[in-house]
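Peer 1: Supplied structure: run-v2.json, JSON, C-alpha atoms.
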```
[["chain", "number", "residue", "atom", "x", "y", "z"],
["A", 3, "MET", "CA", -80.66, 112.23, 88.98],
["A", 4, "ARG", "CA", -79.81, 112.31, 85.27],
["A", 5, "GLN", "CA", -76.63, 114.27, 85.91],
["A", 6, "ALA", "CA", -75.51, 111.79, 88.57],
["A", 7, "ARG", "CA", -76.13, 108.89, 86.15],
["A", 8, "ALA", "CA", -74.23, 110.70, 83.39],
["A", 9, "ASP", "CA", -71.35, 111.39, 85.78],
["A", 10, "ASP", "CA", -71.27, 107.72, 86.83],
["A", 11, "TYR", "CA", -71.17, 106.63, 83.19],
["A", 12, "ALA", "CA", -68.42, 109.13, 82.35],
["A", 13, "GLU", "CA", -66.34, 107.89, 85.26],
["A", 14, "PHE", "CA", -66.84, 104.27, 84.15],
["A", 15, "ALA", "CA", -66.00, 105.07, 80.52],
["A", 16, "VAL", "CA", -62.79, 106.90, 81.43],
["A", 17, "ALA", "CA", -61.71, 104.11, 83.76],
["A", 18, "ARG", "CA", -62.40, 101.25, 81.28],
["A", 19, "ALA", "CA", -61.57, 102.79, 77.90],
["A", 20, "GLY", "CA", -57.87, 101.93, 78.01],
["A", 21, "HIS", "CA", -58.44, 98.30, 78.92],
["A", 22, "LEU", "CA", -61.19, 97.97, 76.31],
["A", 23, "TYR", "CA", -58.86, 99.45, 73.70],
["A", 24, "ARG", "CA", -56.05, 97.02, 74.53],
["A", 25, "SER", "CA", -58.46, 94.09, 74.33],
["A", 26, "ALA", "CA", -59.85, 95.41, 71.04],
["A", 27, "CYS", "CA", -56.33, 95.71, 69.62],
["A", 28, "LEU", "CA", -55.74, 92.05, 70.41],
["A", 29, "LEU", "CA", -59.08, 91.01, 68.96],
["A", 30, "THR", "CA", -58.40, 92.93, 65.77],
["A", 31, "ALA", "CA", -54.79, 91.69, 65.62],
["A", 32, "GLY", "CA", -53.37, 95.19, 65.78],
["A", 33, "ASP", "CA", -55.85, 97.11, 63.64],
["A", 34, "THR", "CA", -55.87, 100.21, 65.83],
["A", 35, "HIS", "CA", -58.51, 102.03, 63.78],
["A", 36, "LEU", "CA", -60.98, 99.16, 64.02],
["A", 37, "ALA", "CA", -60.12, 98.80, 67.72],
["A", 38, "GLU", "CA", -61.05, 102.44, 68.29],
["A", 39, "ASP", "CA", -64.32, 101.94, 66.41],
["A", 40, "LEU", "CA", -65.17, 98.85, 68.47],
["A", 41, "VAL", "CA", -64.47, 100.65, 71.74],
["A", 42, "GLN", "CA", -66.61, 103.58, 70.64],
["A", 43, "GLU", "CA", -69.43, 101.23, 69.64],
["A", 44, "THR", "CA", -69.12, 99.37, 72.95],
["A", 45, "LEU", "CA", -69.22, 102.53, 75.04],
["A", 46, "GLY", "CA", -72.17, 103.80, 73.00],
["A", 47, "ARG", "CA", -74.14, 100.62, 73.60],
["A", 48, "ILE", "CA", -73.35, 100.75, 77.30],
["A", 49, "TYR", "CA", -74.39, 104.41, 77.52],
["A", 50, "VAL", "CA", -77.81, 103.57, 76.11],
["A", 51, "ARG", "CA", -78.30, 100.88, 78.76],
["A", 52, "TRP", "CA", -76.34, 102.49, 81.58],
["A", 53, "GLY", "CA", -79.33, 102.48, 83.93],
["A", 54, "ARG", "CA", -79.34, 98.66, 83.85],
["A", 55, "VAL", "CA", -75.62, 98.12, 83.34],
["A", 56, "SER", "CA", -74.66, 100.18, 86.38],
["A", 57, "ARG", "CA", -76.69, 97.82, 88.57],
["A", 58, "VAL", "CA", -75.07, 94.55, 87.40],
["A", 59, "ASP", "CA", -72.46, 92.87, 89.56],
["A", 60, "ASN", "CA", -69.62, 93.39, 87.08],
["A", 61, "PRO", "CA", -70.08, 96.30, 84.63],
["A", 62, "ALA", "CA", -66.48, 95.86, 83.42],
["A", 63, "GLY", "CA", -67.17, 92.25, 82.49],
["A", 64, "TYR", "CA", -70.36, 93.32, 80.78],
["A", 65, "ALA", "CA", -68.35, 95.86, 78.76],
["A", 66, "GLN", "CA", -65.87, 93.16, 77.69],
["A", 67, "THR", "CA", -68.77, 90.97, 76.58],
["A", 68, "VAL", "CA", -70.26, 93.81, 74.53],
["A", 69, "LEU", "CA", -66.82, 94.48, 72.98],
["A", 70, "THR", "CA", -66.31, 90.83, 72.01],
["A", 71, "ARG", "CA", -69.77, 90.55, 70.52],
["A", 72, "ALA", "CA", -69.28, 93.80, 68.57],
["A", 73, "PHE", "CA", -66.02, 92.38, 67.20],
["A", 74, "LEU", "CA", -67.65, 89.11, 66.15],
["A", 75, "ALA", "CA", -70.56, 90.97, 64.54],
["A", 76, "HIS", "CA", -68.06, 93.09, 62.61],
["A", 77, "GLN", "CA", -66.23, 89.97, 61.42],
["A", 78, "ARG", "CA", -69.47, 88.53, 60.04],
["A", 79, "ARG", "CA", -69.98, 91.56, 57.81],
["A", 80, "ARG", "CA", -68.69, 91.23, 54.27],
["A", 81, "SER", "CA", -66.78, 94.52, 54.51],
["A", 82, "SER", "CA", -64.79, 93.34, 57.54],
["A", 83, "THR", "CA", -62.04, 91.96, 55.32],
["A", 84, "GLU", "CA", -61.33, 95.32, 53.68],
["A", 85, "ARG", "CA", -58.17, 97.00, 54.98],
["A", 86, "ALA", "CA", -56.48, 100.14, 53.79],
["A", 87, "THR", "CA", -53.04, 98.86, 54.72],
["A", 88, "ASP", "CA", -51.35, 95.91, 56.32],
["A", 89, "THR", "CA", -48.60, 97.84, 58.08],
["A", 90, "PHE", "CA", -48.57, 98.85, 61.70],
["A", 91, "PRO", "CA", -48.28, 102.50, 62.69],
["A", 92, "ASP", "CA", -44.90, 103.65, 63.93],
["A", 93, "ARG", "CA", -45.55, 104.24, 67.59],
["A", 94, "PRO", "CA", -43.34, 103.47, 70.54],
["A", 95, "ALA", "CA", -44.61, 100.91, 72.99],
["A", 96, "ASP", "CA", -45.93, 102.52, 76.14],
["A", 97, "ASP", "CA", -44.94, 99.76, 78.50],
["A", 98, "GLY", "CA", -42.38, 101.53, 80.66],
["A", 99, "GLY", "CA", -39.48, 100.17, 78.65],
["A", 100, "HIS", "CA", -40.49, 96.53, 79.07],
["A", 101, "GLY", "CA", -41.30, 94.18, 76.25],
["A", 102, "ASP", "CA", -40.03, 93.64, 72.77],
["A", 103, "PRO", "CA", -41.74, 95.39, 69.84],
["A", 104, "SER", "CA", -40.73, 92.62, 67.44],
["A", 105, "LEU", "CA", -42.32, 90.07, 69.78],
["A", 106, "ARG", "CA", -45.54, 92.10, 69.83],
["A", 107, "LEU", "CA", -45.61, 92.28, 66.05],
["A", 108, "THR", "CA", -44.91, 88.55, 65.75],
["A", 109, "LEU", "CA", -47.70, 87.70, 68.17],
["A", 110, "LEU", "CA", -50.15, 90.13, 66.54],
["A", 111, "GLN", "CA", -49.36, 88.68, 63.12],
["A", 112, "ALA", "CA", -49.96, 85.17, 64.44],
["A", 113, "LEU", "CA", -53.23, 86.26, 66.05],
["A", 114, "ALA", "CA", -54.29, 87.87, 62.76],
["A", 115, "ARG", "CA", -53.97, 84.51, 61.03],
["A", 116, "LEU", "CA", -56.47, 82.88, 63.38],
["A", 117, "PRO", "CA", -60.18, 82.87, 62.52],
["A", 118, "ALA", "CA", -62.16, 85.55, 64.39],
["A", 119, "LYS", "CA", -63.82, 83.19, 66.87],
["A", 120, "ASP", "CA", -60.51, 81.47, 67.66],
["A", 121, "ARG", "CA", -58.93, 84.88, 68.23],
["A", 122, "ALA", "CA", -61.81, 85.84, 70.51],
["A", 123, "VAL", "CA", -61.39, 82.64, 72.54],
["A", 124, "VAL", "CA", -57.64, 83.21, 72.96],
["A", 125, "VAL", "CA", -58.11, 86.84, 73.99],
["A", 126, "LEU", "CA", -60.92, 86.08, 76.43],
["A", 127, "ARG", "CA", -59.22, 83.05, 78.01],
["A", 128, "TYR", "CA", -55.62, 84.26, 78.17],
["A", 129, "TRP", "CA", -55.69, 88.05, 77.98],
["A", 130, "GLU", "CA", -58.88, 88.61, 79.95],
["A", 131, "ASP", "CA", -58.19, 85.54, 82.11],
["A", 132, "ARG", "CA", -61.79, 84.37, 81.91],
["A", 133, "SER", "CA", -62.96, 80.89, 82.76],
["A", 134, "VAL", "CA", -64.19, 78.47, 80.12],
["A", 135, "GLN", "CA", -67.78, 79.04, 81.24],
["A", 136, "GLU", "CA", -67.46, 82.84, 81.17],
["A", 137, "THR", "CA", -65.95, 82.63, 77.68],
["A", 138, "ALA", "CA", -68.77, 80.33, 76.58],
["A", 139, "ASP", "CA", -71.36, 82.78, 77.91],
["A", 140, "VAL", "CA", -69.79, 85.69, 76.01],
["A", 141, "LEU", "CA", -69.62, 83.71, 72.76],
["A", 142, "ASN", "CA", -73.03, 82.04, 73.18],
["A", 143, "ALA", "CA", -71.35, 78.65, 72.90],
["A", 144, "SER", "CA", -71.04, 75.54, 75.02],
["A", 145, "SER", "CA", -68.11, 74.96, 77.36],
["A", 146, "ALA", "CA", -67.05, 72.00, 75.24],
["A", 147, "ALA", "CA", -67.00, 74.16, 72.11],
["A", 148, "VAL", "CA", -64.84, 76.74, 73.88],
["A", 149, "ARG", "CA", -62.38, 74.08, 75.09],
["A", 150, "THR", "CA", -62.17, 72.58, 71.60],
["A", 151, "ARG", "CA", -61.75, 75.96, 69.92],
["A", 152, "CYS", "CA", -59.13, 76.96, 72.51],
["A", 153, "THR", "CA", -57.12, 73.78, 71.94],
["A", 154, "ARG", "CA", -57.23, 74.22, 68.17],
["A", 155, "ALA", "CA", -56.35, 77.94, 68.37],
["A", 156, "LEU", "CA", -53.37, 77.29, 70.63],
["A", 157, "GLY", "CA", -52.26, 74.48, 68.33],
["A", 158, "ARG", "CA", -52.45, 76.82, 65.35],
["A", 159, "LEU", "CA", -50.47, 79.48, 67.23],
["A", 160, "ARG", "CA", -47.82, 76.86, 68.00],
["A", 161, "GLU", "CA", -47.65, 76.00, 64.30],
["A", 162, "LEU", "CA", -47.29, 79.66, 63.38],
["A", 163, "LEU", "CA", -44.79, 80.54, 66.10],
["A", 164, "GLY", "CA", -42.94, 77.25, 66.26],
["A", 165, "GLU", "CA", -43.07, 74.58, 68.91],
["A", 166, "ASP", "CA", -40.27, 76.19, 70.95],
["A", 167, "LEU", "CA", -41.92, 79.37, 72.16],
["A", 168, "GLY", "CA", -38.98, 80.04, 74.49],
["A", 169, "GLU", "CA", -37.27, 82.11, 71.83],
["A", 170, "TYR", "CA", -40.10, 84.65, 72.10],
["A", 171, "ALA", "CA", -39.95, 84.92, 75.87],
["A", 172, "ALA", "CA", -38.03, 87.75, 77.48],
["A", 173, "PRO", "CA", -34.69, 86.67, 79.02]]
```
Once more with this new file: its structure as structure tokens, please.

Peer 2:
Amino acid sequence: MRQARADDYAEFAVARAGHLYRSACLLTAGDTHLAEDLVQETLGRIYVRWGRVSRVDNPAGYAQTVLTRAFLAHQRRRSSTERATDTFPDRPADDGGHGDPSLRLTLLQALARLPAKDRAVVVLRYWEDRSVQETADVLNASSAAVRTRCTRALGRLRELLGEDLGEYAAP
């Protein structure tokens, strides 16, 4: 029984790790090292509770919730503002030749300038494609607070990126 549960968890972790990492990179505004730490912490927390987590309707959604809450907890710590460097690693984009690296950097830099909760709302609503209520549940906030924070975060991104976002869109 234990081996079957461990195998189920391993299969889940392998299947979700990439998506969790991409979400963590967005939450951390490109800090790949912190993203890796958050994914590891998330998977560790899920492993401890795998008996219960494996029985929920949406374990992947549960994992995203744990990731977001781990990120927000990290942001509340005093040491969360310490960074060894502000440059991005030189790595080619693994998107099959699609996308613009300068666009990615521009968007990540804009995301980095948002407060942590605003960044979390933007990632959950537009990257994870969650509803307002689902986002509110993850953040332990009201739906109205999520809508307000979302409006303000998008407004701030428009300020940072310019009102005409068409220049950032692929032709």

Peer 1: By how many Å are CA of Thr70 (chain A) and CA of Asp9 (chain A) apart?

Peer 2: 25.3 Å

Peer 1: Using only C-alpha atoms, which residues sit within 12 Å of Tyr128 (chain A) once same-chain residues fewer than 6 positions away are excluded, as a list in words?

Peer 2: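 Near Tyr128 (chain A), the qualifying residues are Ser25, Leu28, Leu29, Asp120, Arg121, Ala122, Val134, Thr137, Cys152, Ala155 and Leu156 of chain A.
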
Peer 1: Tell me which of A:Leu22, A:Lys119, A:Ala37, A:Arg158 sits closest to Ala138 (chain A), counting all atoms listed in the file.

Peer 2: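 Between A:Leu22, A:Lys119, A:Ala37, A:Arg158, the residue approaching Ala138 (chain A) most closely is A:Lys119.
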
Peer 1: Measure the distance from CA of Ala26 (chain A) to CA of Leu40 (chain A) in Å and round it to one decimal.

Peer 2: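 These atoms are spaced 6.8 Å apart.
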
Peer 1: Which of these, A:Ala72, A:Leu159, A:Val124, A:Ala146, has the shortest distance to Leu36 (chain A) once you count all atoms listed in the file?

Peer 2: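 Closest residue, counting all atoms listed in the file: A:Ala72.
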
Peer 1: For Ala112 (chain A), which of A:Arg160, A:Arg47, A:Arg132, A:Arg71 is the closest residue, counting all atoms listed in the file?

Peer 2: A:Arg160

Peer 1: Return the single residue from A:Ala17, A:Ala75, A:Ala147, A:Ala62 that is closest to Glu130 (chain A), with distances computed using all atoms listed in the file.

Peer 2: A:Ala62

Peer 1: In Å, how far is it from CA of Arg24 (chain A) to CA of Leu110 (chain A)?

Peer 2: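 Pair CA of Arg24 (chain A) / CA of Leu110 (chain A) returns 12.1 Å.
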
Peer 1: In the coordinates of the file, take the point (-52.0, 92.0, 68.1) and a cut-off of 7 Å; then, counting all atoms listed in the file, name each qualifying protein, DNA or RNA residue as number ranges by chain.

Peer 2: A: 27-28, 30-32, 106-107, 109-111, 113

Peer 1: Measuring between all atoms listed in the file, which one of A:Val16, A:Ala143, A:Val50, A:Leu162 shows the shortest distance to Arg115 (chain A)?

Peer 2: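 Under the stated criterion, the closest residue is A:Leu162.
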
Peer 1: Out of A:Leu116, A:Asp131, A:Val123, A:Gly53, which residue has the shortest atom-to-atom distance to Thr150 (chain A) when counting all atoms listed in the file?

Peer 2: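 Checking each candidate against Thr150 (chain A), we get A:Val123 as the closest.
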
Peer 1: Emit as AutoDock Vina command-line options the padded axis-aligned box for all listed atoms of region 126-136 of chain A, 6 Å per side, with centre and edge lengths in Å to one decimal.

Peer 2:
```
--center_x -61.7 --center_y 83.5 --center_z 79.6 --size_x 24.2 --size_y 22.1 --size_z 18.3
```

Peer 1: Is there a way to complete region 131-167 of chain A with N, CA and C atoms and then write that out as an mmCIF file, keeping the file's coordinate frame?

Peer 2:
```
data_model
loop_
_atom_site.group_PDB
_atom_site.id
_atom_site.type_symbol
_atom_site.label_atom_id
_atom_site.label_comp_id
_atom_site.auth_asym_id
_atom_site.auth_seq_id
_atom_site.Cartn_x
_atom_site.Cartn_y
_atom_site.Cartn_z
ATOM 1 N N ASP A 131 -58.275 86.524 81.045
ATOM 2 C CA ASP A 131 -58.190 85.540 82.110
ATOM 3 C C ASP A 131 -59.586 85.098 82.579
ATOM 4 N N ARG A 132 -60.445 84.833 81.601
ATOM 5 C CA ARG A 132 -61.790 84.370 81.910
ATOM 6 C C ARG A 132 -61.828 82.852 81.960
ATOM 7 N N SER A 133 -62.781 82.337 82.686
ATOM 8 C CA SER A 133 -62.960 80.890 82.760
ATOM 9 C C SER A 133 -63.576 80.387 81.453
ATOM 10 N N VAL A 134 -63.568 79.066 81.296
ATOM 11 C CA VAL A 134 -64.190 78.470 80.120
ATOM 12 C C VAL A 134 -65.666 78.827 80.065
ATOM 13 N N GLN A 135 -66.346 78.750 81.208
ATOM 14 C CA GLN A 135 -67.780 79.040 81.240
ATOM 15 C C GLN A 135 -68.062 80.508 80.914
ATOM 16 N N GLU A 136 -67.269 81.413 81.474
ATOM 17 C CA GLU A 136 -67.460 82.840 81.170
ATOM 18 C C GLU A 136 -67.247 83.102 79.685
ATOM 19 N N THR A 137 -66.224 82.476 79.114
ATOM 20 C CA THR A 137 -65.950 82.630 77.680
ATOM 21 C C THR A 137 -67.116 82.073 76.867
ATOM 22 N N ALA A 138 -67.629 80.930 77.281
ATOM 23 C CA ALA A 138 -68.770 80.330 76.580
ATOM 24 C C ALA A 138 -69.985 81.240 76.633
ATOM 25 N N ASP A 139 -70.218 81.872 77.773
ATOM 26 C CA ASP A 139 -71.360 82.780 77.910
ATOM 27 C C ASP A 139 -71.221 83.975 76.964
ATOM 28 N N VAL A 140 -70.011 84.527 76.883
ATOM 29 C CA VAL A 140 -69.790 85.690 76.010
ATOM 30 C C VAL A 140 -70.016 85.307 74.545
ATOM 31 N N LEU A 141 -69.546 84.131 74.166
ATOM 32 C CA LEU A 141 -69.620 83.710 72.760
ATOM 33 C C LEU A 141 -70.905 82.968 72.415
ATOM 34 N N ASN A 142 -71.801 82.813 73.397
ATOM 35 C CA ASN A 142 -73.030 82.040 73.180
ATOM 36 C C ASN A 142 -72.712 80.652 72.636
ATOM 37 N N ALA A 143 -71.784 79.979 73.310
ATOM 38 C CA ALA A 143 -71.350 78.650 72.900
ATOM 39 C C ALA A 143 -71.319 77.748 74.133
ATOM 40 N N SER A 144 -71.149 76.474 73.902
ATOM 41 C CA SER A 144 -71.040 75.540 75.020
ATOM 42 C C SER A 144 -69.611 75.543 75.554
ATOM 43 N N SER A 145 -69.448 75.074 76.769
ATOM 44 C CA SER A 145 -68.110 74.960 77.360
ATOM 45 C C SER A 145 -67.236 74.033 76.545
ATOM 46 N N ALA A 146 -67.811 72.950 76.052
ATOM 47 C CA ALA A 146 -67.050 72.000 75.240
ATOM 48 C C ALA A 146 -66.560 72.657 73.954
ATOM 49 N N ALA A 147 -67.408 73.467 73.344
ATOM 50 C CA ALA A 147 -67.000 74.160 72.110
ATOM 51 C C ALA A 147 -65.860 75.128 72.394
ATOM 52 N N VAL A 148 -65.911 75.811 73.529
ATOM 53 C CA VAL A 148 -64.840 76.740 73.880
ATOM 54 C C VAL A 148 -63.536 75.985 74.116
ATOM 55 N N ARG A 149 -63.600 74.873 74.840
ATOM 56 C CA ARG A 149 -62.380 74.080 75.090
ATOM 57 C C ARG A 149 -61.790 73.574 73.773
ATOM 58 N N THR A 150 -62.644 73.083 72.890
ATOM 59 C CA THR A 150 -62.170 72.580 71.600
ATOM 60 C C THR A 150 -61.551 73.704 70.775
ATOM 61 N N ARG A 151 -62.254 74.834 70.698
ATOM 62 C CA ARG A 151 -61.750 75.960 69.920
ATOM 63 C C ARG A 151 -60.437 76.480 70.509
ATOM 64 N N CYS A 152 -60.341 76.496 71.835
ATOM 65 C CA CYS A 152 -59.130 76.960 72.510
ATOM 66 C C CYS A 152 -57.961 76.038 72.180
ATOM 67 N N THR A 153 -58.178 74.742 72.245
ATOM 68 C CA THR A 153 -57.120 73.780 71.940
ATOM 69 C C THR A 153 -56.649 73.936 70.498
ATOM 70 N N ARG A 154 -57.586 74.057 69.584
ATOM 71 C CA ARG A 154 -57.230 74.220 68.170
ATOM 72 C C ARG A 154 -56.508 75.545 67.921
ATOM 73 N N ALA A 155 -56.980 76.624 68.564
ATOM 74 C CA ALA A 155 -56.350 77.940 68.370
ATOM 75 C C ALA A 155 -54.926 77.934 68.908
ATOM 76 N N LEU A 156 -54.718 77.352 70.073
ATOM 77 C CA LEU A 156 -53.370 77.290 70.630
ATOM 78 C C LEU A 156 -52.472 76.405 69.770
ATOM 79 N N GLY A 157 -53.026 75.331 69.238
ATOM 80 C CA GLY A 157 -52.260 74.480 68.330
ATOM 81 C C GLY A 157 -51.846 75.235 67.078
ATOM 82 N N ARG A 158 -52.758 76.017 66.548
ATOM 83 C CA ARG A 158 -52.450 76.820 65.350
ATOM 84 C C ARG A 158 -51.395 77.870 65.656
ATOM 85 N N LEU A 159 -51.490 78.505 66.842
ATOM 86 C CA LEU A 159 -50.470 79.480 67.230
ATOM 87 C C LEU A 159 -49.106 78.809 67.364
ATOM 88 N N ARG A 160 -49.086 77.588 67.903
ATOM 89 C CA ARG A 160 -47.820 76.860 68.000
ATOM 90 C C ARG A 160 -47.244 76.570 66.623
ATOM 91 N N GLU A 161 -48.116 76.219 65.673
ATOM 92 C CA GLU A 161 -47.650 76.000 64.300
ATOM 93 C C GLU A 161 -47.053 77.269 63.721
ATOM 94 N N LEU A 162 -47.735 78.387 63.950
ATOM 95 C CA LEU A 162 -47.290 79.660 63.380
ATOM 96 C C LEU A 162 -46.019 80.186 64.046
ATOM 97 N N LEU A 163 -45.915 79.986 65.353
ATOM 98 C CA LEU A 163 -44.790 80.540 66.100
ATOM 99 C C LEU A 163 -43.671 79.524 66.308
ATOM 100 N N GLY A 164 -43.927 78.291 66.017
ATOM 101 C CA GLY A 164 -42.940 77.250 66.260
ATOM 102 C C GLY A 164 -43.198 76.589 67.588
ATOM 103 N N GLU A 165 -42.811 75.348 67.686
ATOM 104 C CA GLU A 165 -43.070 74.580 68.910
ATOM 105 C C GLU A 165 -42.292 75.137 70.100
ATOM 106 N N ASP A 166 -41.084 75.647 69.867
ATOM 107 C CA ASP A 166 -40.270 76.190 70.950
ATOM 108 C C ASP A 166 -40.569 77.668 71.104
ATOM 109 N N LEU A 167 -41.537 77.990 71.964
ATOM 110 C CA LEU A 167 -41.920 79.370 72.160
ATOM 111 C C LEU A 167 -40.944 80.113 73.058
#
```
